[in-house]
$ cat protein-v5.cif   # mmCIF, C-alpha atoms
data_target
loop_
_atom_site.label_atom_id
_atom_site.label_comp_id
_atom_site.auth_asym_id
_atom_site.auth_seq_id
_atom_site.Cartn_x
_atom_site.Cartn_y
_atom_site.Cartn_z
CA MET A 23 182.41 18.10 21.05
CA ILE A 24 180.69 20.84 23.08
CA SER A 25 179.18 19.67 26.35
CA GLY A 26 175.50 20.02 27.13
CA LYS A 27 176.31 22.60 29.78
CA ALA A 28 178.38 24.65 27.31
CA CYS A 29 175.60 24.44 24.70
CA GLY A 30 173.17 25.73 27.30
CA THR A 31 175.50 28.63 28.07
CA ILE A 32 175.82 29.48 24.38
CA ARG A 33 172.03 29.38 23.93
CA CYS A 34 171.68 31.67 26.94
CA ILE A 35 174.17 34.20 25.49
CA VAL A 36 172.46 34.15 22.08
CA ALA A 37 169.06 34.61 23.70
CA THR A 38 170.35 37.54 25.75
CA VAL A 39 171.83 39.26 22.69
CA ALA A 40 168.70 38.60 20.64
CA THR A 41 166.44 40.55 23.03
CA HIS A 42 167.67 43.94 21.80
CA ARG A 43 165.65 45.91 19.25
CA LEU A 44 165.81 49.32 17.62
CA CYS A 45 162.97 51.75 18.25
CA GLY A 46 161.71 54.37 15.82
CA ASP A 47 162.14 54.70 12.05
CA VAL A 48 165.29 52.68 11.36
CA MET A 49 165.16 53.20 7.59
CA ALA A 50 164.86 56.97 8.01
CA LEU A 51 168.03 56.91 10.10
CA LEU A 52 169.79 54.87 7.44
CA ARG A 53 168.67 57.30 4.73
CA ASP A 54 170.13 60.16 6.75
CA ALA A 55 173.47 58.37 7.20
CA PRO A 56 175.27 60.21 4.36
CA HIS A 57 174.49 63.55 6.00
CA ALA A 58 175.64 62.29 9.41
CA VAL A 59 178.91 60.93 8.01
CA GLU A 60 179.57 64.17 6.11
CA SER A 61 179.02 66.15 9.31
CA PHE A 62 181.92 64.21 10.82
CA SER A 63 184.28 65.18 8.00
CA PRO A 64 183.50 66.55 4.50
CA GLY A 65 184.06 63.92 1.80
CA HIS A 66 183.85 61.06 4.27
CA TRP A 67 180.74 59.46 2.80
CA HIS A 68 182.44 59.13 -0.59
CA LEU A 69 185.60 57.81 1.10
CA LEU A 70 183.62 55.20 3.03
CA TRP A 71 181.92 53.79 -0.03
CA ARG A 72 185.03 53.99 -2.21
CA LEU A 73 186.90 51.92 0.36
CA GLU A 74 184.06 49.42 0.71
CA ARG A 75 183.75 48.97 -3.06
CA GLY A 76 187.48 48.41 -3.48
CA ALA A 77 188.30 46.48 -0.29
CA CYS A 78 187.90 42.96 -1.67
CA GLU A 79 190.00 43.78 -4.74
CA VAL A 80 192.78 45.14 -2.52
CA VAL A 81 192.71 41.85 -0.59
CA ARG A 82 192.71 39.78 -3.77
CA ARG A 83 195.59 41.59 -5.50
CA ARG A 84 198.02 41.34 -2.53
CA ASP A 85 199.97 44.42 -3.61
CA VAL A 86 201.92 45.90 -0.70
CA ALA A 87 201.88 49.50 -1.95
CA GLU A 88 198.16 49.34 -2.67
CA ALA A 89 197.50 47.72 0.70
CA ALA A 90 199.52 50.42 2.51
CA ALA A 91 197.42 53.11 0.83
CA PHE A 92 194.22 51.23 1.72
CA PHE A 93 195.15 50.80 5.40
CA ALA A 94 196.24 54.45 5.60
CA ASP A 95 192.86 55.49 4.17
CA VAL A 96 191.11 53.33 6.79
CA ALA A 97 193.09 54.99 9.61
CA TYR A 98 192.09 58.38 8.19
CA LEU A 99 188.48 57.19 7.91
CA LYS A 100 188.49 56.47 11.64
CA ARG A 101 190.21 59.67 12.77
CA PRO A 102 190.38 62.29 10.01
CA HIS A 103 191.12 65.10 12.45
CA THR A 104 194.17 63.51 14.09
CA MET A 105 195.69 60.99 11.65
CA ASP A 106 198.40 61.91 9.14
CA ARG A 107 197.45 59.66 6.24
CA GLU A 108 200.80 59.93 4.45
CA MET A 109 202.77 59.24 7.63
CA VAL A 110 200.68 56.10 8.23
CA ARG A 111 201.20 54.95 4.63
CA GLN A 112 204.98 55.42 4.78
CA THR A 113 205.15 53.57 8.10
CA LEU A 114 203.13 50.64 6.79
CA LEU A 115 205.43 50.21 3.80
CA GLU A 116 208.08 49.10 6.31
CA TYR A 117 205.90 46.13 7.33
CA PRO A 118 205.20 44.21 4.10
CA GLU A 119 205.07 40.78 5.74
CA GLU A 120 202.51 41.89 8.31
CA MET A 121 200.35 43.47 5.61
CA LEU A 122 200.48 40.43 3.34
CA ALA A 123 199.56 38.17 6.26
CA ALA A 124 196.65 40.46 7.04
CA LEU A 125 195.47 40.37 3.41
CA ASP A 126 195.65 36.57 3.31
CA THR A 127 193.65 36.39 6.53
CA LEU A 128 191.08 38.90 5.31
CA ALA A 129 190.54 36.70 2.26
CA GLN A 130 189.24 34.06 4.69
CA VAL A 131 187.39 36.39 7.06
CA ARG A 132 184.02 34.74 6.58
CA ALA A 133 185.46 31.46 7.82
CA LEU A 134 187.81 32.87 10.47
CA ASP A 135 185.36 35.44 11.83
CA TYR A 136 186.80 37.27 14.89
CA ASP A 137 190.06 35.29 14.74
CA ALA A 138 190.99 37.30 11.64
CA MET A 139 191.36 40.38 13.84
CA ASP A 140 194.35 38.87 15.64
CA VAL A 141 196.38 38.79 12.42
CA VAL A 142 195.24 42.25 11.27
CA ALA A 143 196.32 43.51 14.71
CA ARG A 144 199.96 42.82 13.83
CA VAL A 145 199.83 45.72 11.36
CA PRO A 146 200.92 49.00 13.03
CA PHE A 147 198.02 51.28 14.01
CA PHE A 148 195.52 48.39 13.78
CA GLY A 149 195.65 46.74 17.18
CA ARG A 150 199.22 46.08 18.27
CA HIS A 151 198.30 47.35 21.73
CA GLY A 152 195.18 45.19 21.96
CA GLY A 153 192.57 47.67 20.72
CA ARG A 154 190.02 46.86 18.04
CA SER A 155 188.96 50.34 16.95
CA PHE A 156 190.90 50.72 13.67
CA ASN A 157 190.89 46.95 13.20
CA SER A 158 187.09 46.88 13.18
CA ALA A 159 187.00 49.42 10.34
CA VAL A 160 189.08 47.11 8.14
CA LEU A 161 186.77 44.15 8.72
CA ARG A 162 183.68 46.30 8.21
CA LEU A 163 184.95 47.35 4.77
CA VAL A 164 185.94 43.83 3.70
CA CYS A 165 182.89 42.07 5.16
CA PRO A 166 180.11 44.62 5.80
CA GLU A 167 177.42 41.98 6.24
CA SER A 168 179.11 40.68 9.41
CA PHE A 169 181.16 43.52 10.94
CA GLY A 170 180.63 47.08 12.12
CA ILE A 171 183.00 49.82 13.22
CA VAL A 172 183.25 50.28 16.98
CA ASP A 173 183.10 53.85 18.22
CA TRP A 174 182.34 55.47 21.56
CA ARG A 175 179.25 57.14 20.09
CA ASN A 176 177.78 53.83 18.91
CA VAL A 177 178.54 52.27 22.28
CA ALA A 178 176.82 55.22 24.00
CA VAL A 179 173.68 54.58 21.92
CA LEU A 180 173.78 50.83 22.54
CA CYS A 181 174.05 51.15 26.30
CA GLY A 182 171.73 54.18 26.57
CA SER A 183 174.21 56.69 27.96
CA PRO A 184 172.59 59.99 29.02
CA GLY A 185 171.87 62.02 25.91
CA PHE A 186 172.18 58.99 23.63
CA ASP A 187 169.36 56.85 24.99
CA GLY A 188 166.06 55.91 23.36
CA LEU A 189 167.04 53.91 20.27
CA VAL A 190 168.02 50.51 21.69
CA THR A 191 165.71 48.56 23.97
CA PRO A 192 166.63 47.22 26.38
CA PRO A 193 169.97 49.05 26.65
CA MET A 194 173.06 46.87 26.41
CA VAL A 195 175.21 46.39 29.51
CA PHE A 196 179.00 46.29 29.17
CA PRO A 197 180.67 44.81 32.26
CA GLN A 198 183.91 46.65 31.40
CA PHE A 199 182.47 50.16 31.86
CA SER A 200 179.32 52.03 32.87
CA ARG A 201 177.07 54.19 30.73
CA LYS A 202 178.54 57.30 32.31
CA ASP A 203 182.11 56.03 31.77
CA VAL A 204 181.43 56.11 28.02
CA LEU A 205 180.72 59.85 28.12
CA VAL A 206 183.70 60.60 30.36
CA LYS A 207 186.29 58.58 28.43
CA ARG A 208 184.86 59.05 24.92
CA GLY A 209 187.73 58.57 22.49
CA HIS A 210 189.81 56.99 25.28
CA LEU A 211 187.37 54.13 25.81
CA PRO A 212 189.34 50.83 25.60
CA PHE A 213 187.89 48.63 22.84
CA THR A 214 189.47 45.32 23.80
CA PRO A 215 188.73 42.12 21.83
CA ASP A 216 186.09 41.15 24.42
CA VAL A 217 184.39 44.53 24.21
CA TYR A 218 184.36 44.44 20.43
CA ARG A 219 183.03 40.90 20.26
CA ALA A 220 180.13 41.76 22.61
CA TYR A 221 179.45 44.98 20.68
CA ASN A 222 179.51 43.34 17.26
CA ASN A 223 177.46 40.33 18.38
CA THR A 224 174.73 42.75 19.42
CA LEU A 225 174.97 44.48 16.04
CA ARG A 226 174.61 41.09 14.34
CA SER A 227 171.51 40.33 16.38
CA LEU A 228 169.99 43.71 15.51
CA ALA A 229 170.87 43.20 11.84
CA ALA A 230 169.03 39.87 11.84
CA VAL A 231 165.96 41.38 13.54
CA HIS A 232 165.74 44.31 11.12
CA GLY A 233 166.89 42.57 7.94
CA LEU A 234 169.98 44.73 7.45
CA ARG A 235 173.73 44.30 7.20
CA VAL A 236 175.79 44.72 10.36
CA ALA A 237 177.48 47.72 8.71
CA ASP A 238 174.03 49.28 8.22
CA ILE A 239 173.23 48.90 11.93
CA ASP A 240 176.58 50.59 12.64
CA LEU A 241 175.47 53.53 10.46
CA VAL A 242 172.04 53.68 12.12
CA LEU A 243 173.66 53.96 15.57
CA TRP A 244 176.13 56.58 14.34
CA THR A 245 173.39 58.65 12.67
CA TYR A 246 171.22 58.53 15.78
CA SER A 247 174.17 59.70 17.91
CA ILE A 248 174.81 62.64 15.58
CA GLN A 249 171.13 63.61 15.65
CA ARG A 250 171.09 63.51 19.45
CA GLN A 251 174.45 65.22 19.94
CA PRO A 252 176.03 66.70 16.79
CA PHE A 253 179.74 66.20 16.28
CA VAL A 254 181.91 68.91 17.82
CA HIS A 255 184.09 70.21 15.00
CA PHE A 256 187.72 70.95 15.72
CA SER A 257 191.17 70.94 14.19
CA LEU A 258 194.47 70.45 15.95
CA PRO A 259 195.51 72.15 18.08
CA ALA A 260 192.05 71.93 19.66
CA LEU A 261 192.92 75.03 21.70
CA MET A 262 193.87 78.10 19.71
CA PRO A 263 196.04 80.60 21.60
CA SER A 264 193.56 83.43 20.93
CA MET A 265 190.35 81.47 21.70
CA GLY A 266 188.64 84.28 19.80
CA LEU A 267 188.08 86.32 22.97
CA GLY A 268 186.43 89.65 22.15
CA GLU A 269 185.42 92.59 24.31
CA SER A 270 182.04 91.00 25.09
CA ASP A 271 183.87 87.90 26.37
CA ARG A 272 186.09 90.10 28.53
CA GLU A 273 183.05 91.80 29.97
CA GLU A 274 181.47 88.42 30.78
CA LEU A 275 184.71 87.28 32.42
CA ARG A 276 184.85 90.47 34.48
CA ARG A 277 181.25 90.08 35.65
CA ASN A 278 181.21 86.35 36.36
CA HIS A 279 184.61 84.77 35.80
CA GLN A 280 184.14 81.24 37.14
CA PRO A 281 181.15 80.02 35.06
CA VAL A 282 182.46 81.68 31.89
CA SER A 283 185.97 80.25 32.22
CA ALA A 284 184.53 76.85 33.20
CA ARG A 285 182.41 76.83 30.03
CA LEU A 286 185.40 77.70 27.83
CA VAL A 287 187.52 74.98 29.45
CA GLN A 288 184.74 72.39 29.17
CA GLU A 289 184.29 73.18 25.48
CA TYR A 290 188.01 72.58 25.02
CA LEU A 291 187.88 69.30 26.96
CA THR A 292 184.95 68.18 24.79
CA ARG A 293 187.04 68.78 21.66
CA LEU A 294 189.92 66.81 23.18
CA GLY A 295 187.52 63.99 24.05
CA GLU A 296 186.23 63.86 20.49
CA ALA A 297 189.82 63.73 19.22
CA GLY A 298 190.55 60.60 21.26
CA VAL A 299 194.10 59.37 21.77
CA LEU A 300 196.67 61.86 20.51
CA SER A 301 200.33 61.30 19.76
CA ARG A 302 203.05 62.68 22.03
CA ASN A 303 203.76 65.47 19.55
CA GLN A 304 200.07 66.38 19.29
CA ILE A 305 199.75 66.63 23.06
CA LEU A 306 202.90 68.78 23.19
CA VAL A 307 201.32 71.12 20.64
CA GLU A 308 198.18 71.32 22.79
CA LEU A 309 200.22 72.19 25.88
CA CYS A 310 202.22 74.78 23.98
CA SER A 311 198.97 76.31 22.69
CA LEU A 312 197.56 76.46 26.22
CA PHE A 313 200.63 78.18 27.63
CA THR A 314 200.75 80.52 24.65
CA LEU A 315 197.17 81.51 25.44
CA ILE A 316 198.09 82.27 29.07
CA ARG A 317 201.25 84.05 27.94
CA ASN A 318 199.16 86.24 25.62
CA GLU A 319 196.65 86.92 28.41
CA CYS A 320 199.52 88.03 30.66
CA ALA A 321 200.91 90.24 27.88
CA ALA A 322 197.53 91.89 27.30
CA PHE A 323 197.11 92.43 31.05
CA GLY A 324 200.64 93.85 31.40
CA SER A 325 200.41 96.15 28.37
CA THR A 326 198.58 98.79 30.41
CA LYS A 327 200.75 98.47 33.51
CA LYS A 328 203.85 100.46 34.48
CA GLY A 329 206.86 100.26 36.72
CA LYS A 330 207.63 97.24 38.89
CA LEU A 331 204.29 95.59 38.18
CA LYS A 332 204.99 95.62 34.44
CA ASP A 333 208.52 94.30 35.06
CA ARG A 334 207.18 91.40 37.12
CA VAL A 335 204.54 90.54 34.54
CA MET A 336 207.30 90.50 31.91
CA LEU A 337 209.26 88.09 34.14
CA ILE A 338 206.33 85.68 34.15
CA ILE A 339 205.99 86.03 30.37
CA ARG A 340 209.68 85.13 29.96
CA VAL A 341 209.23 82.04 32.15
CA LEU A 342 206.23 80.96 30.07
CA ASP A 343 208.14 81.59 26.84
CA GLU A 344 211.00 79.40 28.07
CA GLY A 345 208.60 76.58 28.86
CA ILE A 346 206.89 76.87 25.48
CA SER A 347 210.16 76.88 23.54
CA SER A 348 211.50 73.90 25.50
CA ARG A 349 208.76 71.56 24.18
CA SER A 350 209.52 69.46 27.26
CA ALA A 351 206.58 67.49 28.66
CA GLU A 352 207.93 67.60 32.21
CA ARG A 353 208.71 71.28 32.04
CA LEU A 354 205.37 72.25 30.50
CA LEU A 355 203.34 70.30 33.04
CA GLY A 356 205.61 71.67 35.76
CA GLN A 357 204.71 75.22 34.74
CA TRP A 358 201.58 74.95 36.88
CA GLN A 359 203.70 74.56 40.02
CA ARG A 360 206.16 77.26 38.98
CA TRP A 361 203.33 79.67 38.13
CA GLN A 362 201.70 78.99 41.49
CA GLY A 363 204.96 79.69 43.31
CA MET A 364 205.51 83.00 41.53
CA VAL A 365 202.01 84.38 42.16
CA ASP A 366 201.19 82.88 45.58
CA PRO A 367 202.12 85.28 48.44
CA SER A 368 202.67 82.30 50.80
CA SER A 369 205.30 80.77 48.47
CA PRO A 370 209.07 81.41 48.81
CA GLN A 371 209.13 81.96 45.03
CA TRP A 372 206.53 84.75 45.18
CA ILE A 373 207.56 87.72 43.05
CA GLY A 374 205.37 90.29 44.80
CA ILE A 375 202.15 90.40 42.77
CA SER A 376 198.76 88.71 43.17
CA LEU A 377 198.59 88.08 39.46
CA PRO A 378 195.64 85.66 39.16
CA THR A 379 193.34 87.88 41.24
CA ASP A 380 194.25 91.05 39.36
CA MET A 381 193.91 89.35 35.97
CA ILE A 382 190.56 87.80 36.89
CA LEU A 383 189.20 91.18 38.02
CA GLU A 384 190.17 92.67 34.64
CA GLY A 385 188.58 89.83 32.64
CA TYR A 386 191.56 87.65 31.71
CA LEU A 387 191.97 83.89 31.78
CA VAL A 388 194.58 82.48 34.16
CA LEU A 389 196.40 79.17 34.35
CA GLU A 390 194.29 78.08 37.34
CA ASP A 391 191.25 78.02 35.04
CA PHE A 392 192.87 75.19 33.09
CA ILE A 393 193.63 72.81 35.97
CA PRO A 394 190.95 70.38 34.59
CA VAL A 395 193.01 70.21 31.39
CA LYS A 396 196.11 69.29 33.38
CA GLU A 397 194.12 66.60 35.18
CA TYR A 398 192.76 65.30 31.86
CA ILE A 399 196.22 65.05 30.32
CA GLU A 400 197.73 63.38 33.39
CA SER A 401 194.83 60.90 33.47
CA TYR A 402 195.35 59.68 29.91
CA TYR A 403 199.05 60.37 29.25
CA ASP A 404 202.26 59.67 31.14
CA ALA A 405 203.32 62.95 32.76
CA SER A 406 207.02 62.51 31.92
CA THR A 407 206.77 61.21 28.36
CA LEU A 408 203.23 62.22 27.25
CA GLU A 409 202.81 58.74 25.78
CA PRO A 410 199.21 57.46 26.07
CA ARG A 411 198.53 55.44 29.22
CA TYR A 412 195.91 53.39 27.36
CA GLU A 413 196.13 52.59 23.67
CA CYS A 414 192.72 52.36 22.03
CA ASP A 415 193.78 51.42 18.49
#
$ encode --input "protein-v5.cif" --output "structure tokens"
Amino acid sequence: MISGKACGTIRCIVATVATHRLCGDVMALLRDAPHAVESFSPGHWHLLWRLERGACEVVRRRDVAEAAAFFADVAYLKRPHTMDREMVRQTLLEYPEEMLAALDTLAQVRALDYDAMDVVARVPFFGRHGGRSFNSAVLRLVCPESFGIVDWRNVAVLCGSPGFDGLVTPPMVFPQFSRKDVLVKRGHLPFTPDVYRAYNNTLRSLAAVHGLRVADIDLVLWTYSIQRQPFVHFSLPALMPSMGLGESDREELRRNHQPVSARLVQEYLTRLGEAGVLSRNQILVELCSLFTLIRNECAAFGSTKKGKLKDRVMLIIRVLDEGISSRSAERLLGQWQRWQGMVDPSSPQWIGISLPTDMILEGYLVLEDFIPVKEYIESYYDASTLEPRYECD
């Protein structure tokens, strides 16, 4: 039996959640949802509804191969730009017991409610590290009237983060992070069970107020976020070695290097943020792409030079090539220190040229421009292994 004090606490929580409302034309946002979903990834609207239509049958049939394909599709639904659907499917086939247990639990999701997520979390990619991001997508497909997908964009709209405010009144407050934290961490935001429960309870309250399914409220939030700040399209690697720099870009870099290079780097960091948590191999590819870009900048700079200067530029290119070919996390991240030693006149490793200054004056990007990328990677990934510091599955 629940005590009177506990009942009062529960009533207080429900009352707090129930105060939120959506402003504006909610149905217009819902009608625009297919366009918003397609802007995320072509074909995604059809995938979403195909999975929702078939989810309950997948649960009922309890076929391991079919379930593996379903779960792999859900992982791809969440992160089409970073997930290898076939790799996920093959991995899941090695965990038949976990998948069957998840299916049996999903068959009872309306009775088990949030407790069902604990069993689904035993399936690889769906919450083994405590996250509820991918997990929430499974429950949304099986039980759309009661569950929504959690995503940093939806959270930004709910809590009124700058640029995403105006739809929900009053904005929701998450004790685990601030409104600005949401925009900084983006795809690295930790969706723990407590965060998801608070998020989804608010969606349920909004669904009741507006006479919609929880999954529909999820789509309304997502659509609003896309309208306010369209999705930044990218493919991996998010940084291409050429960066498409033309002569006009060179001229801009020559005239005003710092703001131009800062803009290019910030655009890259935004793409990385949209991508969310990457695998070790994906981060290695990003680092290799970055150093290939700098290597190519050095080569272009050195192509017009002669004598000892050209020889010393070629030495730096060889060092960069060795780091790229090593595919070693420690060595790649250490290239910043080695580069600094080779081009800094106060360093014992100086090779006799002020390379960054000369390259900047001629309109080239230098490794120093990308220090924010190094800081980003070291913030979210272990510097020696490149494994994620925080799993957000």
$ atom_distance --input "protein-v5.cif" --atom1 "atom CA of A:Tyr386" --atom2 "atom CA of A:Leu291"
19.3 Å
$ resolve_selection --input "protein-v5.cif" --expression "the PyMOL selection byres ((chain A and resi 188) around 9)" --output "MDAnalysis selection string"
chainID A and resid 44:46 179 182 185:187 189:191 193
$ residues_around --input "protein-v5.cif" --residues "A:Val86" --least-positions-apart "4" --cutoff "7 Å" --atoms "only C-alpha atoms" --output "ChimeraX atom specification"
/A:90,118,121-122
$ residues_around --input "protein-v5.cif" --residues "A:Ser63" --least-positions-apart "2" --cutoff "12 Å" --atoms "only C-alpha atoms" --output "list in words"
Pro56, His57, Ala58, Val59, Glu60, Ser61, Gly65, His66, Trp67, His68, Leu69, Leu70, Tyr98, Leu99, Lys100, Arg101, Pro102, His103, Thr104, Phe253, Val254, His255, Phe256 and Ser257 of chain A
$ resolve_selection --input "protein-v5.cif" --expression "the PyMOL selection byres ((chain A and resi 152) around 9)" --output "list in words"
Asp140, Ala143, Phe148, Gly149, Arg150, His151, Gly153, Arg154, Pro212, Phe213, Thr214, Pro215, Glu413, Cys414 and Asp415 of chain A
$ closest_residue --input "protein-v5.cif" --among "A:Glu409, A:Asp240, A:Asp343, A:Glu400" --to "A:Gln304" --atoms "only C-alpha atoms"
A:Glu409
$ atom_distance --input "protein-v5.cif" --atom1 "atom CA of A:Gly295" --atom2 "atom CA of A:Glu274"
26.1 Å
$ closest_residue --input "protein-v5.cif" --among "A:Ser311, A:Gln130, A:Thr326, A:Ser406" --to "A:Gly356" --atoms "only C-alpha atoms"
A:Ser406
$ resolve_selection --input "protein-v5.cif" --expression "the PyMOL selection byres ((chain A and resi 393) around 12)" --output "JSON, numbers by chain"
{"A": [283, 284, 287, 288, 291, 312, 355, 357, 358, 359, 362, 387, 388, 389, 390, 391, 392, 394, 395, 396, 397, 398, 399, 400]}
$ atom_distance --input "protein-v5.cif" --atom1 "atom CA of A:Leu115" --atom2 "atom CA of A:Glu79"
18.8 Å
$ residues_near_point --input "protein-v5.cif" --point "(183.6, 61.8, 26.2)" --cutoff "10 Å" --atoms "only C-alpha atoms" --output "JSON, numbers by chain"
{"A": [174, 175, 178, 202, 203, 204, 205, 206, 207, 208, 209, 210, 211, 291, 292, 293, 294, 295, 296, 297, 298]}
$ write_last_selection --input "protein-v5.cif" --atoms "C-alpha atoms" --output "short mmCIF file (atom, residue, chain, number, x, y, z; two decimals), in the frame of the given file"
data_model
loop_
_atom_site.label_atom_id
_atom_site.label_comp_id
_atom_site.auth_asym_id
_atom_site.auth_seq_id
_atom_site.Cartn_x
_atom_site.Cartn_y
_atom_site.Cartn_z
CA TRP A 174 182.34 55.47 21.56
CA ARG A 175 179.25 57.14 20.09
CA ALA A 178 176.82 55.22 24.00
CA LYS A 202 178.54 57.30 32.31
CA ASP A 203 182.11 56.03 31.77
CA VAL A 204 181.43 56.11 28.02
CA LEU A 205 180.72 59.85 28.12
CA VAL A 206 183.70 60.60 30.36
CA LYS A 207 186.29 58.58 28.43
CA ARG A 208 184.86 59.05 24.92
CA GLY A 209 187.73 58.57 22.49
CA HIS A 210 189.81 56.99 25.28
CA LEU A 211 187.37 54.13 25.81
CA LEU A 291 187.88 69.30 26.96
CA THR A 292 184.95 68.18 24.79
CA ARG A 293 187.04 68.78 21.66
CA LEU A 294 189.92 66.81 23.18
CA GLY A 295 187.52 63.99 24.05
CA GLU A 296 186.23 63.86 20.49
CA ALA A 297 189.82 63.73 19.22
CA GLY A 298 190.55 60.60 21.26
#
$ build_atoms --input "protein-v5.cif" --residues "stretch 129-143 of chain A" --atoms "N, CA and C atoms" --output "compact mmCIF listing (two decimals), keeping the file's coordinate frame"
# COMPACT_ATOMS: atom_id res chain seq x y z
N ALA A 129 191.15 37.48 3.34
CA ALA A 129 190.54 36.70 2.26
C ALA A 129 189.70 35.55 2.82
N GLN A 130 189.97 35.18 4.06
CA GLN A 130 189.24 34.06 4.69
C GLN A 130 188.38 34.54 5.86
N VAL A 131 188.05 35.82 5.89
CA VAL A 131 187.39 36.39 7.06
C VAL A 131 186.04 35.75 7.36
N ARG A 132 185.34 35.33 6.33
CA ARG A 132 184.02 34.74 6.58
C ARG A 132 184.13 33.41 7.31
N ALA A 133 185.24 32.72 7.11
CA ALA A 133 185.46 31.46 7.82
C ALA A 133 186.13 31.69 9.17
N LEU A 134 187.05 32.63 9.23
CA LEU A 134 187.81 32.87 10.47
C LEU A 134 187.05 33.72 11.47
N ASP A 135 186.15 34.56 10.99
CA ASP A 135 185.36 35.44 11.83
C ASP A 135 186.28 36.29 12.72
N TYR A 136 186.04 36.37 14.02
CA TYR A 136 186.80 37.27 14.89
C TYR A 136 188.29 36.91 14.96
N ASP A 137 188.65 35.67 14.69
CA ASP A 137 190.06 35.29 14.74
C ASP A 137 190.89 36.07 13.72
N ALA A 138 190.26 36.53 12.66
CA ALA A 138 190.99 37.30 11.64
C ALA A 138 191.56 38.58 12.24
N MET A 139 190.91 39.12 13.26
CA MET A 139 191.36 40.38 13.84
C MET A 139 192.73 40.25 14.50
N ASP A 140 193.06 39.07 14.98
CA ASP A 140 194.35 38.87 15.64
C ASP A 140 195.50 39.06 14.67
N VAL A 141 195.32 38.63 13.43
CA VAL A 141 196.38 38.79 12.42
C VAL A 141 196.43 40.23 11.92
N VAL A 142 195.27 40.84 11.69
CA VAL A 142 195.24 42.25 11.27
C VAL A 142 195.89 43.13 12.34
N ALA A 143 195.77 42.73 13.60
CA ALA A 143 196.32 43.51 14.71
C ALA A 143 197.85 43.58 14.69
